[in-house]
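Peer 1: First the structure, which I've put down as structure tokens, then a few questions once you've had a look.
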Amino acid sequence: MADGRRIHIITGHYGSGKTEFSVNYALKLAEKCERVAIIDLDIVNPYFRSREKRQLLASKGIEVIGSSLADQNSADMPAVSSRAAAPLQDKTCQVVIDLGGDAVGAKILARYRPYFTEEACDVFCIVNANRPETQDVKGVLMQIKAIEDISGLKVTGLVNNTHMLRETTLSDIKKGNRLVRDVSWILEIPVVYTCIQSTLMHQCLDVSMHTMLEMGIDTKIMPMQMHFREDWM
Amino acid sequence: MEKVLMKGNEAIGAAAIKAGCRYFFGYPITPQNEVPEYMAKELPKHGGVFLQAESEVAAINMVYGAAGAGARVMTSSSSPGLALKQEGLTYIAACELPCLVVNVVRGGPGLGGIQPAQSDYYQATRGGGNGDYKLIVLAPASLQELTDMVQEAFDLADYYRNPVMVLADGMIGQMMEPVAFGEIPQRTLPEKNWATTGTDGDRVPNVINSLFLAPEELEALNIRLQAKYQTIKANETRCEIYQLEDAEIVFTAYGTTARIVKNAIKVLKAEGIKAGLIRPMTLWPFPEAAYQALPETVKCILSVEMSCGQMVDDVRLAVESKVPVAFYGRSGGMIPTVDDIVAEAKQLLGR
């Protein structure tokens with residue numbers, strides 16, 4: 001699933017689902033790869049950060065690197081751990097980098113810029129067409145440009161993560177698919193994944209691959225578990 | 001109506017702008033920072049003013065000034081920030097000025113932490129400031145309710161000439177949910193003929209003032225305020241009654257905690273225990289009547305809060321000792337779990 005690239009930067013608009021994607025992606029990588037690390041570089045959000053899922057991720061052998069302040073899962077200080085460089089240097093390690101939202105969240109990438117060579121590094125932009133600012137092509141293009149300008153990196157793949165949480169239907173996914181297709185066409189960047197909540201997966205299987213193609217979805221599917229959503233949310 | 005996916009704090013900003021709010025004064029504090037961030041970006045597009053004040057004290061006094069001039073104005077903060085705003089709030093209440101104050105509550109006391117809490121119930125409903133005043137306090141449990149309440153808050157404030165607070169715990173501020181910006185019930189609002197907008201030389205100047213050295217005058221103000229508070233009590237008290245019929249145990253909770261309780265009720269139901277919920281949607285005025293109309297089957301009430309026990313006081317006053325009232329809470333940013341609540345209920349019922 002990694003196309004030979006081993007560093008996977010997960011970026012995108014605030015609230016697009018980067019953290020949920022990062023955790024799902026890291027877990028998927030861990031099914032195939034021996035060494036997987038997730039670096040939580042979210043210096044924007046105080047809640048819902050991948051470091052909160054340390055226990056789950058560690059149980060699958062994934063190293064979690066968060067704040068340099070030990071056990072500070074709930075501090076909002078931009079204290080990035082010096083450990084973050086280790087998996088970036090280790091050529092045998094698959095690395096998922098979970099960023100904070102928007103350009104401001106991508107700013108921190110500058111610190112690690114030398115590791116992010118074109119051959120080694122994916123930059124995935126997560127898109128949720130139900131977020132007010134990325135409902136149309138113009139909005140998504142603006143996000144991508146701002147992120148690219150501040151990080152000096154080019155987005156290499158688009159991820160359609162259009163959902164409405166528990167109210168998600170196939171038409172949300174379809175709507176998002178149209179949007180990322182258009183962006184893909186304009187920027188000449190491939191759509192690499194379509195995210196589908198695992199609770200909706202059976203519906204997709206029912207409607208069969210044929211229908212998925214009819215919906216215009218021919219990308220790889222990322223089944224999403226909602227790790228950050230308690231039952232009462 | 002079209003729904004979008006928003007974060008609570010963004011929804012607060014979007015709802016306020018939709019309701020015609022054009023002035024925001026505030027100071028950053030987690031977990032409400034996305035409110036000023038949103039307003040800084042969006043208000044100028046609507047011809048409004050966002051201003052980051054030098055402190056919370058300055059911000060609430062800017063609200064005081066703008067409200068006095070008749071503007072639709074708001075501020076938002078989180079717990080320790082609200083503590084700083086209390087002086088301004090009592091002045092605003094005394095001068096009967098409409099405004100919206102949002103508290104996205106975090107754990108305390110002191111600087112506390114940044115995780116969600118409900119330990120500012122006393123601060124919100126008792127008045128952290130001096131004197132006999134009341135804020136109308138709205139307590140949303142979902143982002144849709146938050147969106148609706150923020151929009152309605154401005155009308156409520158104008159209608160009663162009273163500051164309104166939306167009390168949202170950090171989870172409501174930080175979580176995401178689908179929201180739609182629908183039309184809210186319209187009220188006929190009184191003209192703001194008291195506002196200090198300039199006389200143009202043809203009327204007596206309006207004065208915004210809370211200093212009354214003559215005790216007769218100050219008591220007259222208090223009598224007028226109390227009469228207004230009685231009207232608000234009669235007209236604006238709101239709560240959700242959930243599965244009360246035949247309930248053996250009645251939970252009471254607001255905000256995020258009420259959502260967790262609803263899941264606990266499902267679990268109990270599956271085990272054959274009938275439980276219900278009284279969810280205050282206004283914390284002041286408190287929905288006392290709901291606790292006085294309990295079914296005969298109720299053996300006890302359990303107040304569940306993200307605090308060390310604050311709303312439970314109002315519950316006890318409302319219940320008037322007719323049934324035992326127990327309390328279960330977590331604090332410091334810890335969130336009660338469904339299992340904890342179920343276990344507590346079973347223990348109370350001796351199951």
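We label chains A, B, ... in the order they appear in the structure tokens, count residues from 1 in each chain, and number ligands from 1 in the order shown.
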May I have the residues within 6 Å of segment 173-189 of chain B as a ChimeraX atom specification, using only C-alpha atoms and disregarding those fewer than 3 positions away in the same chain?
Peer 2: /B:3-9,144,159,170
Peer 1: Could you pull out the strand (DSSP E or B) residues of segment 118-277 of chain B from DSSP and send them as a list in words?
Peer 2: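 Reading the DSSP output for segment 118-277 of chain B, strand (DSSP E or B) covers Ile136, Val137, Leu138, Pro163, Val164, Met165, Val166, Leu167, Ala168, Asp169, Met176, Glu177, Pro178, Val179, Cys239, Glu240, Ile241, Tyr242, Ile249, Val250, Phe251, Thr252, Ala275, Gly276 and Leu277 of chain B.
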Peer 1: Per DSSP on the backbone, filter segment 6-198 of chain A down to the residues in alpha helix (DSSP H) and report them as number ranges by chain.
Peer 2: A: 18-32, 54-59, 85-89, 102-106, 137-151, 170-187, 198
Peer 1: Considering only C-alpha atoms, tabulate each residue of segment 162-188 of chain B that lies at most 12 Å from segment 282-289 of chain B along with its nearest interatomic pair and the corresponding distance in Å to one decimal; arrange the rows by chain and ascending residue number and present them as a tab-separated table.
Peer 2:
residue	atom	partner	partner_atom	distance
B:Pro163	CA	B:Trp284	CA	11.9
B:Val164	CA	B:Trp284	CA	9.9
B:Met165	CA	B:Trp284	CA	9.6
B:Val166	CA	B:Thr282	CA	9.3
B:Leu167	CA	B:Leu283	CA	8.8
B:Ala168	CA	B:Leu283	CA	11.5
Peer 1: Could you please select, counting only C-alpha atoms, the residues of chain A within 6 Å of chain B and state them as an NGL selection string?
Peer 2: :A and (130-131 or 232)
